[in-house]
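Colleague: Contents of work_34.txt (compact mmCIF, C-alpha atoms) are below:
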```
# COMPACT_ATOMS: atom_id res chain seq x y z
CA MET A 1 45.92 -18.18 -6.36
CA LYS A 2 43.69 -15.26 -5.45
CA LYS A 3 40.90 -16.56 -7.68
CA LYS A 4 41.14 -20.01 -6.11
CA LEU A 5 40.89 -18.49 -2.66
CA LEU A 6 37.91 -16.44 -3.79
CA SER A 7 36.29 -19.57 -5.19
CA THR A 8 36.73 -21.41 -1.91
CA MET A 9 35.25 -18.49 0.01
CA LEU A 10 32.34 -18.34 -2.42
CA THR A 11 31.45 -21.97 -1.88
CA VAL A 12 31.64 -21.75 1.90
CA VAL A 13 29.86 -18.43 2.29
CA LEU A 14 27.03 -19.00 -0.17
CA ALA A 15 26.35 -22.56 0.90
CA SER A 16 26.15 -21.69 4.57
CA SER A 17 24.49 -18.27 4.71
CA MET A 18 21.44 -18.67 2.51
CA LEU A 19 20.32 -15.04 2.60
CA ALA A 20 18.55 -15.55 5.89
CA GLY A 21 16.35 -12.54 5.37
CA CYS A 22 15.11 -13.81 2.05
CA GLY A 23 12.72 -16.26 3.61
CA GLY A 24 15.27 -18.34 5.45
CA SER A 25 12.80 -20.66 7.15
CA LYS A 26 9.42 -19.72 5.88
CA ALA A 27 7.21 -22.66 5.14
CA ASN A 28 5.88 -23.76 1.76
CA THR A 29 7.14 -20.78 -0.20
CA ALA A 30 10.01 -20.04 -2.59
CA THR A 31 12.69 -19.78 0.03
CA ASP A 32 16.42 -19.80 -0.19
CA ALA A 33 16.85 -22.20 2.71
CA GLU A 34 14.36 -24.70 1.32
CA ALA A 35 16.91 -25.31 -1.36
CA THR A 36 19.36 -26.57 1.26
CA THR A 37 17.02 -29.09 2.85
CA THR A 38 15.93 -31.11 -0.17
CA ASP A 39 17.88 -34.09 -1.49
CA THR A 40 18.85 -33.83 -5.13
CA ALA A 41 16.35 -35.70 -7.25
CA THR A 42 15.09 -35.75 -10.81
CA THR A 43 11.56 -34.43 -11.14
CA GLU A 44 11.18 -35.34 -14.80
CA ALA A 45 12.01 -38.64 -16.48
CA THR A 46 15.61 -37.93 -17.39
CA THR A 47 18.96 -39.66 -17.08
CA THR A 48 21.18 -36.60 -17.45
CA GLU A 49 21.86 -33.58 -15.31
CA THR A 50 23.94 -31.68 -17.85
CA ALA A 51 23.03 -29.65 -20.92
CA SER A 52 20.74 -31.39 -23.37
CA SER A 53 21.93 -32.27 -26.85
CA GLY A 54 18.50 -32.52 -28.48
CA ASP A 55 17.39 -29.79 -30.87
CA ASN A 56 14.22 -29.13 -28.86
CA GLU A 57 15.35 -30.12 -25.39
CA LEU A 58 16.77 -28.17 -22.43
CA THR A 59 17.99 -29.26 -19.00
CA VAL A 60 17.20 -27.08 -16.00
CA TRP A 61 18.51 -27.14 -12.43
CA CYS A 62 16.30 -25.61 -9.75
CA TRP A 63 14.84 -26.38 -6.34
CA ASP A 64 11.47 -26.49 -4.57
CA PRO A 65 8.86 -28.69 -6.35
CA ALA A 66 5.89 -26.60 -5.21
CA PHE A 67 7.33 -23.30 -6.35
CA ASN A 68 10.26 -23.10 -8.78
CA ILE A 69 9.86 -26.53 -10.37
CA ASN A 70 6.12 -26.05 -10.70
CA ALA A 71 6.75 -22.73 -12.45
CA MET A 72 9.13 -24.41 -14.91
CA GLN A 73 6.62 -27.17 -15.61
CA GLU A 74 3.92 -24.59 -16.32
CA ALA A 75 6.33 -22.69 -18.57
CA GLU A 76 7.05 -25.90 -20.48
CA LYS A 77 3.33 -26.48 -21.10
CA ILE A 78 2.84 -22.97 -22.39
CA TYR A 79 5.85 -23.12 -24.71
CA GLN A 80 4.73 -26.51 -26.04
CA LYS A 81 1.54 -24.94 -27.42
CA ASP A 82 3.60 -23.46 -30.27
CA HIS A 83 6.51 -25.90 -30.00
CA PRO A 84 4.94 -29.35 -29.48
CA ASP A 85 8.28 -31.18 -29.70
CA PHE A 86 9.86 -29.09 -26.95
CA LYS A 87 10.93 -30.85 -23.76
CA LEU A 88 12.43 -29.82 -20.44
CA ASN A 89 14.53 -32.10 -18.26
CA ILE A 90 14.01 -30.53 -14.85
CA VAL A 91 16.49 -31.74 -12.26
CA GLU A 92 15.58 -30.91 -8.67
CA THR A 93 18.80 -29.49 -7.26
CA PRO A 94 19.12 -27.74 -3.88
CA TRP A 95 20.52 -24.23 -4.07
CA ALA A 96 23.60 -25.20 -2.04
CA ASP A 97 24.30 -27.96 -4.56
CA ILE A 98 23.88 -25.62 -7.51
CA GLN A 99 26.40 -23.25 -5.96
CA THR A 100 28.87 -26.03 -5.20
CA LYS A 101 28.54 -27.60 -8.66
CA LEU A 102 28.93 -24.22 -10.36
CA THR A 103 32.04 -23.40 -8.35
CA THR A 104 33.54 -26.82 -9.01
CA ALA A 105 32.80 -26.65 -12.74
CA ALA A 106 34.28 -23.18 -13.12
CA THR A 107 37.42 -23.75 -11.05
CA SER A 108 38.15 -27.14 -12.64
CA GLY A 109 37.43 -25.99 -16.16
CA GLN A 110 34.70 -28.63 -16.53
CA LEU A 111 31.91 -26.34 -17.67
CA ASP A 112 30.42 -29.22 -19.66
CA THR A 113 28.99 -30.53 -16.36
CA LEU A 114 26.54 -27.62 -16.21
CA PRO A 115 22.92 -27.67 -17.45
CA ASP A 116 21.44 -25.34 -20.07
CA ILE A 117 19.58 -23.24 -17.50
CA LEU A 118 19.93 -22.94 -13.73
CA LEU A 119 18.18 -20.94 -11.05
CA MET A 120 20.31 -18.46 -9.13
CA GLN A 121 19.57 -16.58 -5.93
CA ASP A 122 19.52 -12.86 -6.70
CA GLY A 123 21.91 -12.00 -3.89
CA ALA A 124 24.49 -14.40 -5.33
CA PHE A 125 24.09 -13.55 -9.01
CA GLN A 126 26.60 -10.73 -9.41
CA LYS A 127 29.19 -12.49 -7.30
CA ASN A 128 28.99 -15.63 -9.42
CA VAL A 129 29.11 -13.82 -12.76
CA MET A 130 32.03 -11.64 -11.66
CA SER A 131 33.91 -14.63 -10.23
CA TYR A 132 33.14 -17.06 -13.07
CA PRO A 133 32.24 -15.03 -16.18
CA GLU A 134 33.19 -17.96 -18.39
CA ALA A 135 30.27 -20.00 -16.97
CA PHE A 136 27.47 -17.69 -18.09
CA THR A 137 25.87 -16.53 -21.33
CA ASP A 138 25.42 -12.80 -21.89
CA LEU A 139 21.72 -12.36 -22.70
CA THR A 140 21.87 -8.65 -23.48
CA GLY A 141 21.49 -8.99 -27.25
CA SER A 142 18.91 -11.77 -27.10
CA SER A 143 15.20 -11.64 -27.91
CA ILE A 144 14.37 -11.12 -24.21
CA ASP A 145 12.97 -7.65 -23.50
CA PHE A 146 14.48 -6.74 -20.14
CA THR A 147 12.65 -3.41 -20.06
CA GLN A 148 9.50 -5.38 -19.25
CA PHE A 149 10.88 -6.29 -15.82
CA ALA A 150 11.26 -4.14 -12.72
CA ALA A 151 14.61 -2.33 -12.93
CA GLY A 152 15.42 -3.14 -9.32
CA LYS A 153 15.00 -6.84 -10.11
CA THR A 154 17.08 -6.93 -13.30
CA GLY A 155 19.81 -5.06 -11.45
CA PHE A 156 20.62 -8.15 -9.41
CA SER A 157 21.68 -10.09 -12.52
CA THR A 158 23.29 -7.19 -14.39
CA VAL A 159 27.09 -6.91 -14.50
CA GLU A 160 28.85 -4.08 -16.34
CA SER A 161 25.54 -3.14 -18.02
CA LYS A 162 25.09 -6.67 -19.38
CA ASN A 163 22.10 -8.89 -18.57
CA TYR A 164 22.92 -12.40 -17.39
CA GLY A 165 19.63 -13.41 -15.79
CA VAL A 166 15.92 -13.59 -16.58
CA PRO A 167 14.02 -12.37 -13.49
CA PHE A 168 11.58 -14.73 -11.85
CA ASP A 169 9.89 -14.37 -8.48
CA ASN A 170 9.07 -11.11 -6.83
CA GLY A 171 10.83 -10.11 -3.61
CA ALA A 172 9.32 -6.62 -3.45
CA VAL A 173 9.24 -5.42 0.14
CA ILE A 174 5.82 -4.86 1.66
CA ALA A 175 4.72 -3.57 5.03
CA CYS A 176 1.81 -5.59 6.44
CA TYR A 177 -0.17 -4.15 9.34
CA ARG A 178 -2.74 -5.55 11.76
CA THR A 179 -5.60 -3.23 10.95
CA ASP A 180 -7.43 -4.07 14.18
CA VAL A 181 -4.40 -3.06 16.27
CA LEU A 182 -3.92 0.17 14.33
CA GLU A 183 -7.59 0.96 14.85
CA GLN A 184 -7.16 0.65 18.62
CA ALA A 185 -4.48 3.33 18.40
CA GLY A 186 -6.55 5.55 16.11
CA TYR A 187 -4.77 4.75 12.83
CA THR A 188 -5.43 3.08 9.50
CA VAL A 189 -3.07 1.55 6.95
CA ASP A 190 -3.34 4.79 4.97
CA ASP A 191 -1.62 6.56 7.87
CA PHE A 192 1.41 4.30 7.27
CA THR A 193 1.49 4.68 3.49
CA ASP A 194 4.22 6.75 1.76
CA ILE A 195 5.67 7.78 5.13
CA THR A 196 9.22 8.37 6.36
CA PHE A 197 10.92 6.36 9.08
CA SER A 198 10.60 9.42 11.31
CA ASP A 199 6.82 9.20 10.89
CA TYR A 200 7.02 5.48 11.44
CA LEU A 201 8.95 5.93 14.68
CA THR A 202 6.54 8.58 16.00
CA LYS A 203 3.44 6.57 15.19
CA GLY A 204 5.12 3.38 16.37
CA LYS A 205 5.71 4.89 19.80
CA ASP A 206 2.04 5.90 19.93
CA VAL A 207 0.84 2.43 18.92
CA LEU A 208 3.12 0.89 21.56
CA ALA A 209 1.82 3.23 24.25
CA LYS A 210 -1.83 2.61 23.40
CA THR A 211 -1.80 -1.12 22.62
CA GLY A 212 1.37 -2.46 24.21
CA LYS A 213 2.47 -3.85 20.83
CA PRO A 214 5.72 -2.99 19.02
CA LEU A 215 5.29 -2.36 15.31
CA LEU A 216 8.09 -4.58 14.07
CA SER A 217 10.31 -7.57 14.84
CA CYS A 218 13.46 -9.01 13.32
CA ILE A 219 16.22 -11.50 14.10
CA ALA A 220 19.04 -10.18 16.27
CA GLY A 221 22.47 -10.22 14.68
CA GLU A 222 21.13 -10.24 11.12
CA SER A 223 21.05 -7.41 8.64
CA ASP A 224 17.80 -7.98 6.77
CA VAL A 225 16.07 -4.79 7.90
CA LEU A 226 19.28 -2.80 7.41
CA VAL A 227 19.68 -4.07 3.85
CA MET A 228 16.06 -3.28 2.98
CA MET A 229 16.44 0.24 4.29
CA LEU A 230 19.75 0.72 2.49
CA GLN A 231 18.44 -0.56 -0.82
CA SER A 232 15.28 1.55 -0.62
CA ALA A 233 17.51 4.57 -1.22
CA GLY A 234 19.58 2.83 -3.89
CA GLY A 235 22.42 2.46 -1.40
CA SER A 236 25.15 -0.15 -1.37
CA PHE A 237 28.04 -1.38 0.74
CA PHE A 238 30.29 -0.77 -2.27
CA ALA A 239 31.36 2.05 -4.56
CA GLU A 240 31.00 1.76 -8.32
CA ASP A 241 34.61 0.57 -8.63
CA GLY A 242 33.88 -2.34 -6.26
CA SER A 243 35.74 -0.92 -3.26
CA ALA A 244 34.15 -1.02 0.18
CA ASN A 245 31.96 1.99 0.89
CA ILE A 246 31.01 1.72 4.55
CA VAL A 247 32.80 4.39 6.60
CA ASP A 248 31.80 7.45 4.57
CA ASN A 249 28.46 6.05 3.44
CA ALA A 250 25.89 8.66 4.51
CA ILE A 251 22.91 6.46 3.58
CA LEU A 252 24.26 3.52 5.57
CA LYS A 253 24.94 5.69 8.60
CA GLU A 254 21.37 7.01 8.50
CA VAL A 255 20.12 3.43 8.29
CA MET A 256 22.18 2.46 11.34
CA GLU A 257 20.93 5.46 13.33
CA VAL A 258 17.28 4.87 12.46
CA TYR A 259 17.52 1.16 13.30
CA GLN A 260 19.12 1.97 16.63
CA GLU A 261 16.41 4.53 17.43
CA MET A 262 13.63 2.06 16.67
CA VAL A 263 15.15 -0.63 18.90
CA LYS A 264 15.79 1.76 21.78
CA ALA A 265 12.22 3.08 21.55
CA GLY A 266 10.78 -0.44 21.63
CA VAL A 267 9.14 0.04 18.22
CA LEU A 268 11.38 -2.71 16.80
CA ILE A 269 12.10 -5.82 18.85
CA GLU A 270 14.82 -8.35 18.15
CA VAL A 271 14.34 -12.12 18.60
CA ASN A 272 16.72 -15.07 18.47
CA ASP A 273 15.74 -17.00 15.35
CA TRP A 274 13.37 -17.37 12.42
CA ASP A 275 10.78 -19.42 14.31
CA GLN A 276 10.57 -16.76 17.00
CA TYR A 277 10.30 -14.08 14.33
CA ILE A 278 7.33 -15.79 12.68
CA ALA A 279 5.78 -16.40 16.09
CA THR A 280 5.81 -12.68 16.90
CA ILE A 281 3.72 -12.12 13.77
CA ASN A 282 1.33 -15.05 14.14
CA ASN A 283 0.68 -14.72 17.86
CA GLY A 284 0.04 -10.98 17.78
CA THR A 285 3.18 -9.86 19.60
CA VAL A 286 3.80 -7.20 16.94
CA ALA A 287 1.44 -5.06 14.93
CA SER A 288 3.19 -5.36 11.58
CA ALA A 289 5.71 -7.20 9.43
CA MET A 290 8.08 -5.72 6.86
CA ASN A 291 9.76 -8.14 4.47
CA GLY A 292 9.71 -9.51 0.93
CA CYS A 293 6.19 -10.13 -0.32
CA TRP A 294 6.71 -13.87 0.23
CA ILE A 295 6.15 -13.15 3.94
CA MET A 296 2.41 -13.20 3.17
CA ALA A 297 2.46 -16.98 3.19
CA SER A 298 3.72 -17.05 6.78
CA ILE A 299 1.28 -14.35 7.86
CA GLN A 300 -1.65 -16.29 6.41
CA ALA A 301 -0.68 -19.33 8.49
CA ALA A 302 -2.59 -17.65 11.34
CA THR A 303 -6.00 -18.33 9.83
CA ASP A 304 -7.81 -16.70 12.77
CA GLN A 305 -6.40 -13.35 11.63
CA ALA A 306 -8.04 -13.41 8.20
CA GLY A 307 -9.32 -9.98 7.26
CA LYS A 308 -7.26 -8.30 9.98
CA TRP A 309 -4.26 -7.42 7.82
CA GLY A 310 -3.54 -4.68 5.32
CA VAL A 311 -0.65 -4.16 2.90
CA THR A 312 1.21 -1.00 1.93
CA ASN A 313 4.73 0.15 1.07
CA MET A 314 7.65 0.43 3.49
CA PRO A 315 8.75 3.69 5.13
CA ARG A 316 11.54 5.67 3.47
CA LEU A 317 14.64 7.34 4.87
CA GLU A 318 14.34 11.05 5.53
CA LYS A 319 17.80 12.48 4.88
CA ALA A 320 18.84 10.56 1.78
CA ALA A 321 18.02 12.44 -1.41
CA THR A 322 17.52 9.14 -3.22
CA ALA A 323 15.09 7.72 -0.66
CA THR A 324 12.05 5.74 -1.84
CA ASN A 325 9.40 3.58 -0.20
CA TYR A 326 10.47 0.49 -2.14
CA ALA A 327 13.08 -2.26 -1.86
CA ASN A 328 13.63 -5.94 -2.68
CA GLN A 329 14.23 -8.80 -0.27
CA GLY A 330 14.84 -12.25 -1.68
CA GLY A 331 13.99 -13.76 -5.03
CA SER A 332 15.84 -15.53 -7.81
CA SER A 333 16.49 -15.41 -11.57
CA TRP A 334 17.20 -17.87 -14.39
CA ALA A 335 20.68 -18.05 -15.92
CA VAL A 336 21.71 -19.62 -19.23
CA THR A 337 25.08 -21.31 -18.83
CA SER A 338 27.93 -21.24 -21.32
CA ASN A 339 27.45 -25.01 -21.71
CA CYS A 340 24.08 -24.49 -23.38
CA LYS A 341 24.27 -26.00 -26.87
CA ASN A 342 21.18 -24.16 -28.12
CA VAL A 343 21.24 -20.63 -26.74
CA ASP A 344 18.61 -19.45 -29.22
CA LEU A 345 16.16 -22.07 -27.95
CA ALA A 346 16.93 -21.27 -24.31
CA THR A 347 16.47 -17.52 -24.76
CA ASP A 348 13.34 -17.94 -26.86
CA PHE A 349 11.86 -20.27 -24.25
CA LEU A 350 12.66 -17.94 -21.35
CA GLY A 351 11.64 -14.84 -23.28
CA SER A 352 8.33 -16.38 -24.39
CA THR A 353 7.40 -17.59 -20.91
CA PHE A 354 9.01 -15.86 -17.94
CA GLY A 355 9.64 -12.79 -20.09
CA GLY A 356 6.51 -12.77 -22.21
CA SER A 357 3.54 -14.73 -20.85
CA THR A 358 0.99 -13.28 -18.47
CA GLU A 359 -0.73 -16.68 -18.66
CA LEU A 360 2.27 -18.27 -16.96
CA TYR A 361 2.19 -15.82 -14.09
CA ASP A 362 -1.57 -16.23 -13.74
CA ASN A 363 -1.12 -20.01 -13.52
CA ILE A 364 1.55 -19.89 -10.79
CA LEU A 365 0.03 -17.10 -8.73
CA SER A 366 -1.70 -19.63 -6.47
CA THR A 367 1.72 -20.89 -5.28
CA GLY A 368 2.67 -17.39 -4.13
CA ALA A 369 4.90 -16.75 -7.16
CA LEU A 370 4.37 -13.07 -7.82
CA ALA A 371 5.87 -11.67 -10.99
CA THR A 372 8.43 -8.98 -11.57
CA TYR A 373 7.30 -9.13 -15.20
CA LEU A 374 5.44 -5.83 -15.25
CA PRO A 375 2.65 -6.67 -17.77
CA ALA A 376 1.49 -9.46 -15.43
CA GLY A 377 0.21 -6.80 -13.08
CA ASP A 378 -2.47 -5.89 -15.62
CA SER A 379 -3.99 -9.37 -15.78
CA ALA A 380 -7.37 -10.23 -14.31
CA ALA A 381 -5.83 -12.76 -11.91
CA TYR A 382 -3.62 -10.11 -10.34
CA ALA A 383 -6.60 -7.79 -10.00
CA GLU A 384 -8.45 -10.29 -7.81
CA THR A 385 -8.80 -9.39 -4.15
CA ASN A 386 -7.30 -11.25 -1.23
CA ASN A 387 -9.74 -11.74 1.62
CA PHE A 388 -7.00 -12.23 4.20
CA PHE A 389 -5.58 -8.80 3.46
CA GLY A 390 -8.70 -6.69 3.61
CA GLU A 391 -10.20 -7.80 0.29
CA LYS A 392 -7.76 -5.63 -1.65
CA PRO A 393 -6.09 -6.33 -5.03
CA ILE A 394 -2.72 -6.68 -3.34
CA TYR A 395 -1.05 -8.60 -6.18
CA THR A 396 -1.43 -5.70 -8.60
CA GLN A 397 -0.25 -3.42 -5.83
CA ILE A 398 2.93 -5.45 -5.26
CA VAL A 399 3.80 -5.54 -8.96
CA VAL A 400 3.58 -1.75 -8.96
CA TYR A 401 5.94 -1.66 -5.97
CA ALA A 402 8.37 -3.94 -7.80
CA GLY A 403 8.51 -1.51 -10.67
CA ARG A 404 9.67 1.26 -8.35
CA ILE A 405 12.54 -0.52 -6.61
CA PRO A 406 15.91 1.20 -7.07
CA ALA A 407 18.65 -0.86 -8.71
CA CYS A 408 21.15 -2.33 -6.25
CA ASN A 409 24.88 -2.96 -6.58
CA THR A 410 25.39 -6.07 -4.44
CA GLY A 411 29.01 -6.59 -5.48
CA VAL A 412 31.26 -9.62 -5.13
CA TYR A 413 31.64 -9.33 -1.37
CA PHE A 414 28.02 -8.60 -0.48
CA TYR A 415 27.79 -11.42 2.08
CA GLU A 416 30.95 -10.36 3.87
CA ALA A 417 29.76 -6.76 4.01
CA ARG A 418 26.28 -7.73 5.12
CA ASP A 419 27.62 -9.82 8.00
CA ALA A 420 30.17 -7.18 9.03
CA VAL A 421 27.47 -4.50 9.20
CA ALA A 422 25.20 -6.86 11.16
CA THR A 423 27.96 -7.17 13.75
CA ALA A 424 28.36 -3.40 13.74
CA ILE A 425 24.70 -2.74 14.57
CA THR A 426 24.78 -5.36 17.34
CA ASN A 427 27.81 -3.73 18.93
CA SER A 428 26.36 -0.25 18.57
CA LEU A 429 23.18 -1.35 20.32
CA ASN A 430 25.40 -2.57 23.15
CA GLY A 431 26.91 0.88 23.55
CA SER A 432 29.68 1.10 20.97
CA ASP A 433 30.02 4.17 18.74
CA ILE A 434 28.45 3.77 15.28
CA ASP A 435 31.36 5.42 13.45
CA THR A 436 33.84 3.14 15.20
CA GLU A 437 31.81 0.08 14.31
CA LEU A 438 31.47 1.12 10.67
CA LYS A 439 35.24 1.53 10.49
CA THR A 440 35.69 -1.97 11.90
CA ALA A 441 33.16 -3.31 9.41
CA GLU A 442 34.99 -1.73 6.49
CA ASP A 443 38.31 -3.09 7.74
CA THR A 444 36.75 -6.55 7.90
CA VAL A 445 35.50 -6.31 4.33
CA ASN A 446 38.79 -4.93 3.06
CA PHE A 447 40.63 -7.83 4.69
CA ALA A 448 38.31 -10.33 2.99
CA MET A 449 38.83 -8.58 -0.34
CA SER A 450 42.62 -8.74 0.03
CA GLN A 451 42.79 -12.50 0.49
```
Let's see the structure in the file written out as C-alpha cells.

Modeller:
Amino acid sequence: MKKKLLSTMLTVVLASSMLAGCGGSKANTATDAEATTTDTATTEATTTETASSGDNELTVWCWDPAFNINAMQEAEKIYQKDHPDFKLNIVETPWADIQTKLTTAATSGQLDTLPDILLMQDGAFQKNVMSYPEAFTDLTGSSIDFTQFAAGKTGFSTVESKNYGVPFDNGAVIACYRTDVLEQAGYTVDDFTDITFSDYLTKGKDVLAKTGKPLLSCIAGESDVLVMMLQSAGGSFFAEDGSANIVDNAILKEVMEVYQEMVKAGVLIEVNDWDQYIATINNGTVASAMNGCWIMASIQAATDQAGKWGVTNMPRLEKAATATNYANQGGSSWAVTSNCKNVDLATDFLGSTFGGSTELYDNILSTGALATYLPAGDSAAYAETNNFFGEKPIYTQIVVYAGRIPACNTGVYFYEARDAVATAITNSLNGSDIDTELKTAEDTVNFAMSQ
C-alpha cells in the first residue's frame, strides 16, 4: 500500500512541478516545462513506441525537437558511420507523459510498454530509480566510462553507487553580469570571481547604491537560489540514510540566513513569475543573473545588450567547510529501461556518442546543448568565443565549472523538501524565526515520508 501511495504522489508531484528553476519557462532551450507543453508525436517514421525488436534498432522517448530530439538525431548519424544498419525510432514524448507512462508501467507490472531508452530529468532520476528499480538497467558494468563526466552530473543518476543514467546536457550554474553596470560602480567581472556570498553582499550593496540596480532576481516562493547555494557546498535536504536533514543542517541554515540578508539589503529582489524574472534581466532591472548555463539563451534575447555581459562562477558560502563556487541547476540524462532487448547495443550507442564523441557535442553546441562530457571542453568548437558575452571562450569555461560541481543527494522526497523549504524562507522573510520554520519544514517532509 505504501508503495502505491508513493507512486501516486510521484505522478502528481513530478507532473505538476517541473523543476521550475531548471528553466521552467525559458524559450527555445532544453527546458523541463517545454516537455509539458508539446503533444506526443512521432518524430521518426515509426509505428511503435515501445522497445524495438530489431537487432540494430532502438526506440527512444524524449521531448523538445530543437534540443533533445535533435541531439539524438545527430547521435544516430554519428553512430551510423561505423554501424550503417543502425536505426533509432525517436518518439517525441513530453516529460510529464514519460513520467506518467513510467509510473503506470512500473505499478501495473507492464514494463514491456517502455522504450529502450528514455530521457529523465536529473532532479527526478534518483526518485524514479529508488521507487521503481525494476524499470531500469544498471549501467555500472557497461562499456560507458562514467569518469569522463562531471561527478556532480553523474551523481544525479547514481543510486547506491550504481550508475543508471548517461549524462546529457549541462546545467552548470553560472553568474552572468552586466559589465557596463559593474563599470559604473567601479567593478569588473573579475571582482565577482571566486568570491564568497559575504563579498557578494558587500559589493552588491555598493552596486545598488551607485547604480540603483539590484544584483539578482528570483521568483518569490520558489527555492531555486536556495538549492543552488545548498548544492554548491555538497549539501542536501537528506542524510545518507534517506531521513530528512533540515533542522540540524548547518549548511541549509547558512543558506537561509544569506538569502534573507540579500533580500533585506535589496541586493536580491523577488518577482511573481518566470516572465517577470526574465524581464528583470532583459530590461536592465538587475545587474546580473545566476542560474543554470541554459539561462544564456534568455539573456541573449535582449540583442541590444550584446557585448555587455560577462560570465563567471557563482559565489560560495563562507562558513561551510565544503563550500565551492559551483553547482548544477537543471539538465537531464538518458536511461536504459529494463525492457530493452539489446542492452549491449544501447550501452554501446550511448557510450560511443553521448559518452565518447566530441563531434556530437560540437554539432549540437549551436542549439545551446553544452556537454558535461569533460573531453568536449577541449574541442575547437568549445574554444570559440561568444561575442555576446565579451568575446570570451565561455563554453570551455562552463565545462570546467561542470567538472567541479559537488555530487548531490537529491533523495526520493526532494520535491517535497524543496517546496517545504521554499515556504520556510517565505515565512522567515515575513518575520518568522528561521529555526521555527526549518522545524516546520522537516515535519512536513517527515509527514510526506510516512504516508

Colleague: Suppose you want the space between CA of Ser428 in chain A and CA of Gly204 in chain A; what is it in Å?

Modeller: 21.7 Å

Colleague: With only C-alpha atoms as the basis for distance, which of A:Ala175, A:Ala407, A:Val412, A:Val258 is at the shortest distance from Met130 in chain A?

Modeller: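 When distances to Met130 in chain A are compared using only C-alpha atoms, the smallest one comes from A:Val412.
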
Colleague: Name the closest residue to Gly331 in chain A among the candidates A:Ile281, A:Ala172, A:Ile251, A:Leu139; distances are taken between atoms, counting all atoms listed in the file.

Modeller: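 Of A:Ile281, A:Ala172, A:Ile251, A:Leu139, the one nearest Gly331 in chain A is A:Ala172, counting all atoms listed in the file.
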
Colleague: Between CA of Glu57 in chain A and CA of Pro167 in chain A, what is the distance, to one decimal in Å?

Modeller: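 Calculated distance between CA of Glu57 in chain A and CA of Pro167 in chain A is 21.4 Å.
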
Colleague: Between CA of Thr59 in chain A and CA of Val159 in chain A, what is the distance, to one decimal in Å?

Modeller: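 Separation of CA of Thr59 in chain A and CA of Val159 in chain A: 24.5 Å.
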
Colleague: Return the single residue from A:Trp294, A:Trp309, A:Tyr277, A:Tyr177 that is closest to Ser217 in chain A, with distances computed using all atoms listed in the file.

Modeller: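 For Ser217 in chain A, the nearest of the candidates is A:Tyr277.
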
Colleague: I'd like to know which of A:Ser223, A:Thr324, A:Thr104, A:Ser142 is closest to Thr196 in chain A, using only C-alpha atoms.

Modeller: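 Checking each candidate against Thr196 in chain A, we get A:Thr324 as the closest.
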
Colleague: Do a neighbour search on Ala335 in chain A at 12 Å with only C-alpha atoms, toss out local chain neighbours closer than 5 positions, and write the hits as an MDAnalysis selection string.

Modeller: chainID A and resid 59:62 98 102 114:122 124:126 128:129 133 135:139 154 156:158 163:168 340 343 346:347 350

Colleague: Which of these residues is nearest to Asn339 in chain A, using all atoms listed in the file: A:Gly109, A:Pro375, A:Gly221, A:Gly307?

Modeller: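 Counting all atoms listed in the file, the residue closest to Asn339 in chain A is A:Gly109.
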
Colleague: When distances are computed from only C-alpha atoms, which of A:Met262, A:Ile278, A:Ala383, A:Ile364 shows the smallest separation from Leu208 in chain A?

Modeller: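 Among the listed residues, the smallest separation from Leu208 in chain A belongs to A:Met262.
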
Colleague: Using all atoms listed in the file, can you list as a list in words the residues within 8 Å of (24.5, -1.5, 5.9)?

Modeller: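 Every residue inside that radius is included here: Ser223, Leu226, Val227, Leu230, Ser236, Phe237, Ile246, Leu252, Lys253, Val255, Met256, Ala417, Arg418, Val421 and Ala422 of chain A.
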
Colleague: Convert the current residue selection to file output with C-alpha atoms, as a compact mmCIF listing (two decimals), keeping the file's coordinate frame.

Modeller:
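Below you can see part22.txt, which holds the result:
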```
# COMPACT_ATOMS: atom_id res chain seq x y z
CA SER A 223 21.05 -7.41 8.64
CA LEU A 226 19.28 -2.80 7.41
CA VAL A 227 19.68 -4.07 3.85
CA LEU A 230 19.75 0.72 2.49
CA SER A 236 25.15 -0.15 -1.37
CA PHE A 237 28.04 -1.38 0.74
CA ILE A 246 31.01 1.72 4.55
CA LEU A 252 24.26 3.52 5.57
CA LYS A 253 24.94 5.69 8.60
CA VAL A 255 20.12 3.43 8.29
CA MET A 256 22.18 2.46 11.34
CA ALA A 417 29.76 -6.76 4.01
CA ARG A 418 26.28 -7.73 5.12
CA VAL A 421 27.47 -4.50 9.20
CA ALA A 422 25.20 -6.86 11.16
```

Colleague: So that I can check the surroundings of Ser379 in chain A, please list as a short mmCIF file (atom, residue, chain, number, x, y, z; two decimals) with C-alpha atoms, in the coordinates of the input every protein, DNA and RNA residue that reaches within 12 Å of it, counting only C-alpha atoms and ignoring chain neighbours fewer than 3 positions away.

Modeller:
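Output file result.cif follows:
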```
data_model
loop_
_atom_site.label_atom_id
_atom_site.label_comp_id
_atom_site.auth_asym_id
_atom_site.auth_seq_id
_atom_site.Cartn_x
_atom_site.Cartn_y
_atom_site.Cartn_z
CA SER A 357 3.54 -14.73 -20.85
CA THR A 358 0.99 -13.28 -18.47
CA GLU A 359 -0.73 -16.68 -18.66
CA LEU A 360 2.27 -18.27 -16.96
CA TYR A 361 2.19 -15.82 -14.09
CA ASP A 362 -1.57 -16.23 -13.74
CA ASN A 363 -1.12 -20.01 -13.52
CA LEU A 365 0.03 -17.10 -8.73
CA ALA A 371 5.87 -11.67 -10.99
CA TYR A 373 7.30 -9.13 -15.20
CA LEU A 374 5.44 -5.83 -15.25
CA PRO A 375 2.65 -6.67 -17.77
CA ALA A 376 1.49 -9.46 -15.43
CA TYR A 382 -3.62 -10.11 -10.34
CA ALA A 383 -6.60 -7.79 -10.00
CA GLU A 384 -8.45 -10.29 -7.81
CA PRO A 393 -6.09 -6.33 -5.03
CA TYR A 395 -1.05 -8.60 -6.18
CA THR A 396 -1.43 -5.70 -8.60
CA VAL A 399 3.80 -5.54 -8.96
#
```

Colleague: For range 301-318 of chain A, take all atoms listed in the file, fit an axis-aligned box around them, add 4 Å to each of the six sides, then output centre and edge lengths in Å rounded to one decimal, as AutoDock Vina command-line options.

Modeller:
```
--center_x 2.7 --center_y -4.1 --center_z 6.9 --size_x 32.0 --size_y 38.4 --size_z 19.7
```

Colleague: Residues proximal to (30.1, -2.6, 13.4) were defined as those with any atom within 7 Å of that point in the file's coordinates, counting all atoms listed in the file. Which are they, as number ranges by chain?

Modeller: A: 420-425, 427-428, 434, 437-438, 440-441
